[in-house]
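Structure data follow from input_30.tsv (TSV, C-alpha atoms and all ligand atoms):
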chain	number	residue	atom	x	y	z
A	1	MET	CA	35.29	73.35	91.49
A	2	GLN	CA	38.53	74.41	93.23
A	3	PRO	CA	39.16	78.19	93.20
A	4	LYS	CA	41.84	79.20	90.71
A	5	ARG	CA	45.31	79.63	92.20
A	6	PRO	CA	47.79	81.96	90.50
A	7	ILE	CA	51.33	81.29	89.40
A	8	GLY	CA	53.41	83.62	91.60
A	9	ILE	CA	56.31	85.37	89.85
A	10	PHE	CA	58.76	87.93	91.18
A	11	ASP	CA	61.74	90.07	90.28
A	12	SER	CA	63.41	93.20	91.58
A	13	GLY	CA	61.56	95.15	88.91
A	14	VAL	CA	60.34	94.78	85.36
A	15	GLY	CA	62.97	92.22	84.30
A	16	GLY	CA	60.94	89.18	85.28
A	17	LEU	CA	58.26	90.32	82.85
A	18	SER	CA	60.48	88.81	80.13
A	19	VAL	CA	59.76	85.46	81.80
A	20	ALA	CA	56.13	86.24	82.73
A	21	MET	CA	55.33	87.08	79.10
A	22	GLU	CA	56.61	83.67	78.01
A	23	ILE	CA	54.52	81.98	80.71
A	24	ALA	CA	51.43	83.96	79.62
A	25	ARG	CA	52.06	82.91	75.99
A	26	LEU	CA	52.55	79.22	76.84
A	27	LEU	CA	49.88	78.92	79.53
A	28	PRO	CA	47.18	81.48	78.63
A	29	ALA	CA	44.56	80.00	80.97
A	30	GLU	CA	46.70	80.55	84.07
A	31	ASP	CA	46.26	83.48	86.43
A	32	LEU	CA	49.62	85.21	86.91
A	33	LEU	CA	50.49	87.26	89.98
A	34	TYR	CA	53.67	89.24	89.39
A	35	ILE	CA	55.57	91.26	91.98
A	36	GLY	CA	58.12	93.81	90.83
A	37	ASP	CA	60.02	95.05	93.89
A	38	GLN	CA	60.86	98.40	92.36
A	39	ALA	CA	61.21	99.99	95.78
A	40	ASN	CA	64.41	97.95	96.09
A	41	VAL	CA	65.70	97.68	92.53
A	42	PRO	CA	68.51	96.92	91.72
A	43	TYR	CA	69.12	93.72	93.67
A	44	GLY	CA	72.36	92.98	91.82
A	45	SER	CA	74.53	95.26	93.96
A	46	LYS	CA	72.98	94.22	97.30
A	47	PRO	CA	74.52	91.72	99.75
A	48	LEU	CA	73.24	88.15	99.32
A	49	GLU	CA	71.67	88.19	102.83
A	50	ARG	CA	69.55	91.24	101.98
A	51	ILE	CA	68.38	89.64	98.71
A	52	GLN	CA	67.46	86.51	100.70
A	53	GLN	CA	65.34	88.58	103.13
A	54	LEU	CA	63.53	90.36	100.31
A	55	SER	CA	62.93	87.10	98.42
A	56	ASP	CA	61.55	85.45	101.54
A	57	SER	CA	59.13	88.31	102.26
A	58	ILE	CA	57.89	88.40	98.67
A	59	THR	CA	57.43	84.62	98.69
A	60	ARG	CA	55.40	84.88	101.91
A	61	PHE	CA	53.18	87.47	100.26
A	62	LEU	CA	52.69	85.31	97.14
A	63	LEU	CA	51.80	82.30	99.29
A	64	GLU	CA	49.26	84.37	101.26
A	65	LYS	CA	47.70	85.06	97.85
A	66	LYS	CA	47.54	81.26	97.36
A	67	ALA	CA	50.21	80.99	94.66
A	68	LYS	CA	50.49	77.36	93.57
A	69	CYS	CA	54.16	77.75	92.62
A	70	VAL	CA	56.72	80.53	92.74
A	71	VAL	CA	58.81	81.55	89.75
A	72	VAL	CA	61.92	83.40	90.88
A	73	ALA	CA	62.15	85.35	87.62
A	74	CYS	CA	65.38	86.99	88.65
A	75	ASN	CA	68.85	85.47	88.26
A	76	THR	CA	70.13	87.52	91.18
A	77	ALA	CA	67.39	86.37	93.58
A	78	SER	CA	67.77	82.79	92.32
A	79	ALA	CA	71.51	82.91	92.96
A	80	ALA	CA	71.04	84.33	96.45
A	81	SER	CA	67.89	82.59	97.64
A	82	LEU	CA	66.60	79.66	95.61
A	83	HIS	CA	68.25	77.14	97.88
A	84	THR	CA	67.01	78.72	101.14
A	85	LEU	CA	63.50	79.29	99.75
A	86	ARG	CA	63.23	75.60	98.88
A	87	GLN	CA	64.36	74.74	102.41
A	88	SER	CA	61.93	77.18	104.05
A	89	TYR	CA	58.87	76.17	101.99
A	90	PRO	CA	59.40	72.49	101.17
A	91	THR	CA	55.90	71.85	99.84
A	92	ILE	CA	55.97	74.72	97.31
A	93	PRO	CA	57.47	74.20	93.88
A	94	PHE	CA	60.02	76.92	93.06
A	95	ILE	CA	61.22	77.51	89.51
A	96	GLY	CA	64.34	79.64	89.32
A	97	MET	CA	66.74	81.09	86.80
A	98	GLU	CA	70.04	79.36	86.15
A	99	PRO	CA	72.57	81.05	83.87
A	100	ALA	CA	72.30	79.24	80.53
A	101	ILE	CA	75.91	78.10	80.43
A	102	LYS	CA	75.01	74.62	79.22
A	103	PRO	CA	73.31	75.63	75.94
A	104	ALA	CA	76.01	78.26	75.37
A	105	SER	CA	78.75	75.65	75.80
A	106	GLN	CA	76.97	73.34	73.41
A	107	ALA	CA	76.43	76.08	70.83
A	108	THR	CA	79.87	77.65	70.73
A	109	GLN	CA	82.16	76.89	67.80
A	110	THR	CA	84.98	79.12	68.98
A	111	GLY	CA	85.03	77.74	72.53
A	112	ALA	CA	84.48	81.24	73.93
A	113	ILE	CA	81.22	82.26	75.60
A	114	GLY	CA	80.07	85.51	77.14
A	115	VAL	CA	77.85	85.94	80.18
A	116	LEU	CA	75.99	89.15	81.05
A	117	ALA	CA	74.69	89.19	84.63
A	118	THR	CA	74.69	91.19	87.86
A	119	PRO	CA	77.56	91.20	90.41
A	120	ALA	CA	75.44	89.19	92.90
A	121	THR	CA	74.73	86.51	90.30
A	122	PHE	CA	78.44	86.11	89.56
A	123	LYS	CA	79.17	85.87	93.30
A	124	GLY	CA	76.49	83.22	93.93
A	125	GLN	CA	77.20	79.52	94.31
A	126	LEU	CA	74.65	78.62	91.63
A	127	TYR	CA	76.61	80.39	88.90
A	128	ASN	CA	79.91	78.91	89.97
A	129	GLN	CA	78.49	75.41	90.19
A	130	THR	CA	76.94	75.82	86.73
A	131	LEU	CA	80.32	76.95	85.36
A	132	GLN	CA	82.07	73.98	86.88
A	133	ARG	CA	79.50	71.59	85.53
A	134	TYR	CA	79.04	72.89	82.00
A	135	ALA	CA	81.82	75.28	80.99
A	136	ASN	CA	84.59	72.72	81.01
A	137	GLY	CA	87.38	73.74	78.66
A	138	LYS	CA	85.55	76.85	77.48
A	139	GLN	CA	86.76	80.42	77.83
A	140	VAL	CA	84.14	82.36	79.76
A	141	TYR	CA	84.01	86.17	79.57
A	142	GLN	CA	81.80	87.95	82.09
A	143	SER	CA	80.35	91.44	82.26
A	144	THR	CA	78.17	93.09	84.88
A	145	CYS	CA	76.90	95.72	82.40
A	146	ASP	CA	76.98	98.41	85.11
A	147	GLY	CA	73.95	100.69	84.97
A	148	LEU	CA	72.01	98.59	82.43
A	149	VAL	CA	69.28	97.43	84.83
A	150	GLU	CA	68.60	101.06	85.79
A	151	GLN	CA	68.43	102.09	82.12
A	152	ILE	CA	65.93	99.32	81.38
A	153	GLU	CA	63.86	100.19	84.46
A	154	ALA	CA	63.71	103.76	83.14
A	155	GLY	CA	62.39	102.47	79.80
A	156	GLU	CA	65.59	103.69	78.10
A	157	LEU	CA	65.91	100.71	75.80
A	158	ASN	CA	67.52	102.53	72.88
A	159	SER	CA	69.15	105.58	74.41
A	160	PRO	CA	72.80	106.45	73.65
A	161	ARG	CA	73.74	105.65	77.28
A	162	THR	CA	72.16	102.16	77.04
A	163	LEU	CA	73.94	101.44	73.77
A	164	GLN	CA	77.19	102.70	75.25
A	165	ILE	CA	76.86	100.31	78.25
A	166	LEU	CA	76.21	97.43	75.87
A	167	GLN	CA	79.15	98.34	73.61
A	168	LYS	CA	81.45	98.50	76.62
A	169	ALA	CA	80.26	95.11	77.87
A	170	LEU	CA	80.31	93.32	74.52
A	171	GLN	CA	83.35	94.70	72.68
A	172	PRO	CA	86.01	92.93	74.78
A	173	MET	CA	84.22	89.58	74.61
A	174	LEU	CA	83.61	89.89	70.88
A	175	ALA	CA	87.27	90.77	70.38
A	176	ALA	CA	88.13	87.59	72.32
A	177	GLY	CA	86.10	85.49	69.85
A	178	VAL	CA	82.90	84.94	71.84
A	179	ASP	CA	80.20	83.50	69.56
A	180	SER	CA	77.57	82.72	72.21
A	181	VAL	CA	76.25	85.24	74.73
A	182	VAL	CA	74.14	84.26	77.74
A	183	LEU	CA	71.55	86.73	79.05
A	184	GLY	CA	72.07	86.03	82.75
A	185	CYS	CA	69.70	88.73	83.98
A	186	THR	CA	65.99	88.76	83.22
A	187	HIS	CA	66.08	92.49	82.42
A	188	TYR	CA	68.36	91.94	79.43
A	189	PRO	CA	65.92	90.28	76.97
A	190	PHE	CA	64.36	93.75	76.71
A	191	VAL	CA	67.54	94.85	74.90
A	192	LEU	CA	68.11	91.59	73.02
A	193	GLU	CA	67.77	93.27	69.63
A	194	GLN	CA	70.27	95.96	70.60
A	195	ILE	CA	72.71	93.26	71.79
A	196	ALA	CA	72.21	91.31	68.55
A	197	ASN	CA	72.87	94.45	66.50
A	198	ILE	CA	76.18	95.03	68.24
A	199	ALA	CA	77.21	91.36	68.25
A	200	GLY	CA	76.30	90.63	64.63
A	201	PRO	CA	74.69	87.58	63.03
A	202	ALA	CA	77.50	85.13	63.84
A	203	VAL	CA	76.83	85.44	67.58
A	204	GLN	CA	74.05	83.48	69.23
A	205	ILE	CA	72.22	85.28	72.06
A	206	ILE	CA	70.75	82.89	74.60
A	207	ASN	CA	67.59	84.01	76.38
A	208	PRO	CA	66.48	81.35	78.88
A	209	ALA	CA	62.94	82.76	79.37
A	210	PRO	CA	61.11	80.37	76.98
A	211	ALA	CA	62.82	77.36	78.59
A	212	VAL	CA	61.80	78.58	82.04
A	213	ALA	CA	58.17	78.86	80.91
A	214	ARG	CA	58.35	75.26	79.66
A	215	GLN	CA	59.79	74.24	83.01
A	216	VAL	CA	56.84	75.91	84.80
A	217	ARG	CA	54.46	73.92	82.60
A	218	ALA	CA	56.33	70.66	83.33
A	219	VAL	CA	56.32	71.28	87.09
A	220	LEU	CA	52.59	72.05	87.16
A	221	GLN	CA	51.76	69.16	84.86
A	222	GLU	CA	53.61	66.76	87.12
A	223	ARG	CA	51.45	67.95	90.03
A	224	SER	CA	48.22	67.92	87.99
A	225	ALA	CA	48.01	71.64	88.80
A	226	LEU	CA	47.75	73.04	85.27
A	227	GLU	CA	44.67	75.14	84.64
A	228	GLN	CA	42.24	73.37	82.35
A	229	GLY	CA	39.80	75.11	80.04
A	230	ASP	CA	40.11	77.99	77.58
A	231	THR	CA	39.12	80.97	79.70
A	232	LEU	CA	41.94	83.49	79.53
A	233	GLY	CA	43.70	83.94	82.87
A	234	ASN	CA	44.16	87.26	84.67
A	235	PHE	CA	47.56	88.91	84.83
A	236	THR	CA	47.98	91.03	87.96
A	237	LEU	CA	51.11	93.12	88.40
A	238	ILE	CA	51.94	94.49	91.84
A	239	THR	CA	54.79	96.95	92.05
A	240	THR	CA	56.31	98.28	95.26
A	241	GLY	CA	57.36	101.28	93.15
A	242	ASP	CA	55.30	103.61	91.05
A	243	VAL	CA	52.38	102.09	89.11
A	244	ASP	CA	52.40	104.79	86.38
A	245	HIS	CA	56.11	104.34	85.88
A	246	THR	CA	55.68	100.58	85.45
A	247	ALA	CA	52.80	101.09	83.02
A	248	ALA	CA	55.04	103.47	81.02
A	249	PHE	CA	57.73	100.80	80.86
A	250	LEU	CA	55.26	98.27	79.42
A	251	GLN	CA	54.39	100.82	76.76
A	252	ALA	CA	58.06	101.42	75.95
A	253	ALA	CA	58.70	97.67	75.77
A	254	GLY	CA	55.71	97.09	73.49
A	255	ILE	CA	53.90	94.81	75.97
A	256	ARG	CA	50.25	95.00	75.01
A	257	ILE	CA	48.47	92.20	76.87
A	258	PRO	CA	45.81	93.20	79.45
A	259	ILE	CA	47.38	93.63	82.87
A	260	THR	CA	45.75	94.79	86.10
A	261	PHE	CA	48.09	97.05	88.08
A	262	GLN	CA	48.14	97.26	91.85
A	263	PRO	CA	50.41	99.21	94.16
A	264	GLY	CA	52.23	97.26	96.85
A	265	THR	CA	53.79	98.76	99.96
A	266	TRP	CA	56.56	97.52	102.20
A	267	ILE	CA	55.62	97.77	105.86
A	268	GLY	CA	58.66	96.62	107.78
A	269	GLU	CA	59.53	93.23	106.35
A	270	ASP	CA	56.08	92.64	104.82
A	271	ILE	CA	54.37	93.67	101.61
A	272	THR	CA	50.73	94.72	101.57
A	273	SER	CA	48.70	95.51	98.50
A	274	HIS	CA	45.38	97.19	97.86
A	275	SER	CA	43.27	96.39	94.83
B	1	LIG	N1	66.42	90.99	86.84
B	1	LIG	C1	67.37	90.63	87.79
B	1	LIG	C2	68.22	89.46	87.40
B	1	LIG	O1	67.76	88.63	86.66
B	1	LIG	C3	68.05	91.59	88.68
B	1	LIG	C4	68.38	92.94	88.29
B	1	LIG	C5	68.75	93.75	89.52
B	1	LIG	O2	67.85	94.07	90.27
B	1	LIG	O3	69.94	93.99	89.72
B	1	LIG	O4	69.31	89.32	87.83
Exercise: express the given structure as structure tokens:
Amino acid sequence: MQPKRPIGIFDSGVGGLSVAMEIARLLPAEDLLYIGDQANVPYGSKPLERIQQLSDSITRFLLEKKAKCVVVACNTASAASLHTLRQSYPTIPFIGMEPAIKPASQATQTGAIGVLATPATFKGQLYNQTLQRYANGKQVYQSTCDGLVEQIEAGELNSPRTLQILQKALQPMLAAGVDSVVLGCTHYPFVLEQIANIAGPAVQIINPAPAVARQVRAVLQERSALEQGDTLGNFTLITTGDVDHTAAFLQAAGIRIPITFQPGTWIGEDITSHS
């Protein structure tokens, strides 16, 4: 029997866990190896070249751990690096995040859609190509929700400051008639309920995480690389930040599945981890 190879997943921090949880739900037999680069969070305000370097180093680490595919569970890293990662590692399947402009454009009745994402995502080619392809004739309202990633990293999912950031981001788009809001950052599903409360029932909130999990399944199926059998897979979470802090976030977010935590350390341009 071939040794089990994990699905590699990474994000700047805890955001990609919104995607990892969907993968764990859909593919429970798979081993998941998640890297949260909390030593460098947030990525969204960093130059694209720096995000590319970090993404490349994390990918190298995941491949050393024999990952059979890499899920770039970060819109910012996908915008900055997906293209170059695919060029650098042509035999590895990469699954990335693409802002869900297409379903938002299909869903809107008012012709106005809102996108919440980081500055780097909005600057990236991927976002602009997606807009050109799918947002034809629609009014698109963008917000970078400044400070929201940091609030979520701190586990402040319901604090007055978090709600204030969301109000500030959503009010202008709601006033403009937006009826479809895209979560273009993997941190934001952790405040989906808060967004829905502000936006009201007439507004559809689009979280791409379940679709990304289905894409992972399709990619692995195509390569006959899906894990067979019913034994539950292991979920390992490596953070380059503080393990206790990450565990506290999981508690705050109500994530209860068994996860093995490991610290990871940046040494120059490489990550090392100790179990
Ligand atoms: N979770 C990330 C994203 O999807 C990035 C947040 C950040 O580090 O700025 O864009």
Proximity of chain A to ligand LIG 1 (chain B): per-residue shortest pair, 9 Å limit, all atoms listed in the file, as a tab-separated table:
residue	atom	partner	partner_atom	distance
A:Asp11	CA	B:LIG1	N1	5.9
A:Ser12	CA	B:LIG1	O2	4.7
A:Gly13	CA	B:LIG1	O2	6.5
A:Val14	CA	B:LIG1	N1	7.3
A:Gly15	CA	B:LIG1	N1	4.5
A:Gly16	CA	B:LIG1	N1	6.0
A:Asp37	CA	B:LIG1	O2	8.7
A:Gln38	CA	B:LIG1	O2	8.5
A:Asn40	CA	B:LIG1	O2	7.8
A:Val41	CA	B:LIG1	O2	4.8
A:Pro42	CA	B:LIG1	O2	3.3
A:Tyr43	CA	B:LIG1	O2	3.6
A:Gly44	CA	B:LIG1	O3	3.4
A:Ser45	CA	B:LIG1	O3	6.4
A:Lys46	CA	B:LIG1	O3	8.2
A:Val72	CA	B:LIG1	O1	8.9
A:Ala73	CA	B:LIG1	O1	6.6
A:Cys74	CA	B:LIG1	O1	3.5
A:Asn75	CA	B:LIG1	O1	3.7
A:Thr76	CA	B:LIG1	O4	3.9
A:Ala77	CA	B:LIG1	O4	6.7
A:Ser78	CA	B:LIG1	O4	8.1
A:Ala79	CA	B:LIG1	O4	8.5
A:Met97	CA	B:LIG1	O1	7.6
A:Ala117	CA	B:LIG1	O4	6.3
A:Thr118	CA	B:LIG1	O4	5.7
A:Pro119	CA	B:LIG1	O3	8.1
A:Ala120	CA	B:LIG1	O4	8.0
A:Thr121	CA	B:LIG1	O4	6.6
A:Leu148	CA	B:LIG1	O3	8.9
A:Val149	CA	B:LIG1	C4	5.7
A:Glu150	CA	B:LIG1	O3	8.2
A:Leu183	CA	B:LIG1	O1	8.7
A:Gly184	CA	B:LIG1	O1	6.4
A:Cys185	CA	B:LIG1	O1	3.3
A:Thr186	CA	B:LIG1	O1	3.9
A:His187	CA	B:LIG1	N1	4.7
A:Tyr188	CA	B:LIG1	N1	7.7
| query | From the list A:Gln125, A:Gln215, A:Ser105, A:Gln167, which residue is nearest Gly137 in chain A when using only C-alpha atoms? | reply |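 Among the listed residues, A:Ser105 lies closest to Gly137 in chain A.
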| task | Would you mind reading off the distance between CA of Leu63 in chain A and CA of Leu126 in chain A, one decimal, in Å? | result | 24.4 Å
| With only C-alpha atoms as the atoms that count, which of A:Asn197, A:Thr265, A:Ala135, A:Asp270 lies nearest to Asn158 in chain A? |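 Selected residue with least distance to Asn158 in chain A: A:Asn197.
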Compile a residue-level contact table for range 161-261 of chain A against range 19-23 of chain A at a cut-off of 6 Å, reporting for every qualifying residue the shortest atom pair and its distance in Å to one decimal, with all atoms listed in the file counted, rows ordered by chain and ascending number, as CSV.
residue,atom,partner,partner_atom,distance
A:Ala209,CA,A:Val19,CA,4.8
A:Pro210,CA,A:Glu22,CA,5.7
A:Ala213,CA,A:Ile23,CA,4.8
| query | Mind pulling up the distance from CA of Phe10 in chain A to CA of Phe249 in chain A? | reply |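 Between CA of Phe249 in chain A and CA of Phe10 in chain A the gap is 16.5 Å.
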| message | Using only C-alpha atoms, which protein or nucleic acid residues come within 12 Å of Glu64 in chain A? Drop anything in the same chain fewer than 2 positions from it, and give the result as a PyMOL selection string. | response | chain A and resi 5-6+8+33+57-62+66-70+270-273
| Residue neighbourhood Ala154 in chain A, 9 Å, all atoms listed in the file, exclusion window fewer than 6 positions, as a list in words |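 Contacts, in chain order: His245, Thr246, Ala248 and Phe249 of chain A.
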| request: Would you list the contacts of Thr236 in chain A as a ChimeraX atom specification, taking every protein, DNA or RNA residue within 10 Å and counting only C-alpha atoms, but skipping same-chain residues closer than 4 positions in sequence? | output: /A:6,8,31-35,258-262,275
Could those selected residues go to a file with C-alpha atoms, as a tab-separated table (two decimals), keeping the file's coordinate frame?
chain	number	residue	atom	x	y	z
A	6	PRO	CA	47.79	81.96	90.50
A	8	GLY	CA	53.41	83.62	91.60
A	31	ASP	CA	46.26	83.48	86.43
A	32	LEU	CA	49.62	85.21	86.91
A	33	LEU	CA	50.49	87.26	89.98
A	34	TYR	CA	53.67	89.24	89.39
A	35	ILE	CA	55.57	91.26	91.98
A	258	PRO	CA	45.81	93.20	79.45
A	259	ILE	CA	47.38	93.63	82.87
A	260	THR	CA	45.75	94.79	86.10
A	261	PHE	CA	48.09	97.05	88.08
A	262	GLN	CA	48.14	97.26	91.85
A	275	SER	CA	43.27	96.39	94.83
| message | Excluding Leu131 in chain A and its own-chain neighbours fewer than 4 positions away, which residues fall within 9 Å of it when counting all atoms listed in the file? Please give them as an NGL selection string. | response | :A and (99 or 101-102 or 126-127 or 135-136 or 140)
| field | Option closest in space to Met173 in chain A, from A:Val203, A:Ile113, A:Leu157, A:Leu82 [counting only C-alpha atoms] | value | A:Ile113
| Å distance separating CA of His274 in chain A from CA of Leu26 in chain A, one decimal place | 28.6 Å
| said: With distances taken over all atoms listed in the file, which residue among A:Ala253, A:Ala100, A:Val219, A:Leu27 lies nearest Val182 in chain A? | reply: A:Ala100
Draw an axis-aligned box over all listed atoms of range 54-66 of chain A, pad each side with 8 Å, and write its centre and edge lengths in Å, one decimal, as lines of an AutoDock Vina configuration file.
center_x = 55.5
center_y = 85.8
center_z = 99.7
size_x = 32.0
size_y = 25.1
size_z = 21.1
| field | Proximity to Ile152 in chain A - best of A:Ala80, A:Val71, A:Ala252, A:Ala225, all atoms listed in the file | value |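 Looking at the shortest contact to Ile152 in chain A, the residue is A:Ala252.
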Please write as an mmCIF file with C-alpha atoms, in the frame of the given file the list of polymer residues whose atoms come within 10 Å of (76.5, 94.0, 68.2), counting only C-alpha atoms and keeping to the coordinates of the file.
data_model
loop_
_atom_site.group_PDB
_atom_site.id
_atom_site.type_symbol
_atom_site.label_atom_id
_atom_site.label_comp_id
_atom_site.auth_asym_id
_atom_site.auth_seq_id
_atom_site.Cartn_x
_atom_site.Cartn_y
_atom_site.Cartn_z
ATOM 1 C CA LEU A 163 73.940 101.440 73.770
ATOM 2 C CA LEU A 166 76.210 97.430 75.870
ATOM 3 C CA GLN A 167 79.150 98.340 73.610
ATOM 4 C CA LEU A 170 80.310 93.320 74.520
ATOM 5 C CA GLN A 171 83.350 94.700 72.680
ATOM 6 C CA LEU A 174 83.610 89.890 70.880
ATOM 7 C CA LEU A 192 68.110 91.590 73.020
ATOM 8 C CA GLU A 193 67.770 93.270 69.630
ATOM 9 C CA GLN A 194 70.270 95.960 70.600
ATOM 10 C CA ILE A 195 72.710 93.260 71.790
ATOM 11 C CA ALA A 196 72.210 91.310 68.550
ATOM 12 C CA ASN A 197 72.870 94.450 66.500
ATOM 13 C CA ILE A 198 76.180 95.030 68.240
ATOM 14 C CA ALA A 199 77.210 91.360 68.250
ATOM 15 C CA GLY A 200 76.300 90.630 64.630
ATOM 16 C CA PRO A 201 74.690 87.580 63.030
ATOM 17 C CA ALA A 202 77.500 85.130 63.840
ATOM 18 C CA VAL A 203 76.830 85.440 67.580
#
| message | Nearest residue to Ala24 in chain A out of A:Thr239, A:Thr130, A:Thr91, A:Asn234, using all atoms listed in the file? | response | A:Asn234
Since the input is missing atoms, can you rebuild N, CA and C atoms for range 71-86 of chain A and write them as a short mmCIF file (atom, residue, chain, number, x, y, z; two decimals), in the coordinates of the input?
data_model
loop_
_atom_site.label_atom_id
_atom_site.label_comp_id
_atom_site.auth_asym_id
_atom_site.auth_seq_id
_atom_site.Cartn_x
_atom_site.Cartn_y
_atom_site.Cartn_z
N VAL A 71 57.76 81.43 90.76
CA VAL A 71 58.81 81.55 89.75
C VAL A 71 59.73 82.69 90.18
N VAL A 72 60.96 82.36 90.50
CA VAL A 72 61.92 83.40 90.88
C VAL A 72 62.51 83.91 89.56
N ALA A 73 61.82 84.90 88.98
CA ALA A 73 62.15 85.35 87.62
C ALA A 73 63.25 86.39 87.65
N CYS A 74 64.28 86.07 88.39
CA CYS A 74 65.38 86.99 88.65
C CYS A 74 66.61 86.12 88.89
N ASN A 75 67.65 86.28 88.06
CA ASN A 75 68.85 85.47 88.26
C ASN A 75 69.52 85.80 89.58
N THR A 76 69.47 87.08 89.96
CA THR A 76 70.13 87.52 91.18
C THR A 76 69.45 86.89 92.40
N ALA A 77 68.11 86.96 92.45
CA ALA A 77 67.39 86.37 93.58
C ALA A 77 67.52 84.84 93.57
N SER A 78 67.58 84.25 92.39
CA SER A 78 67.77 82.79 92.32
C SER A 78 69.14 82.43 92.88
N ALA A 79 70.15 83.20 92.48
CA ALA A 79 71.51 82.91 92.96
C ALA A 79 71.59 83.03 94.48
N ALA A 80 70.92 84.06 95.01
CA ALA A 80 71.04 84.33 96.45
C ALA A 80 70.11 83.45 97.28
N SER A 81 68.93 83.11 96.75
CA SER A 81 67.89 82.59 97.64
C SER A 81 67.20 81.29 97.26
N LEU A 82 67.39 80.83 96.04
CA LEU A 82 66.60 79.66 95.61
C LEU A 82 66.74 78.49 96.59
N HIS A 83 67.96 78.25 96.99
CA HIS A 83 68.25 77.14 97.88
C HIS A 83 67.53 77.31 99.24
N THR A 84 67.63 78.50 99.82
CA THR A 84 67.01 78.72 101.14
C THR A 84 65.49 78.75 101.03
N LEU A 85 64.96 79.28 99.92
CA LEU A 85 63.50 79.29 99.75
C LEU A 85 62.97 77.85 99.72
N ARG A 86 63.68 77.00 98.97
CA ARG A 86 63.23 75.60 98.88
C ARG A 86 63.29 74.92 100.24
#
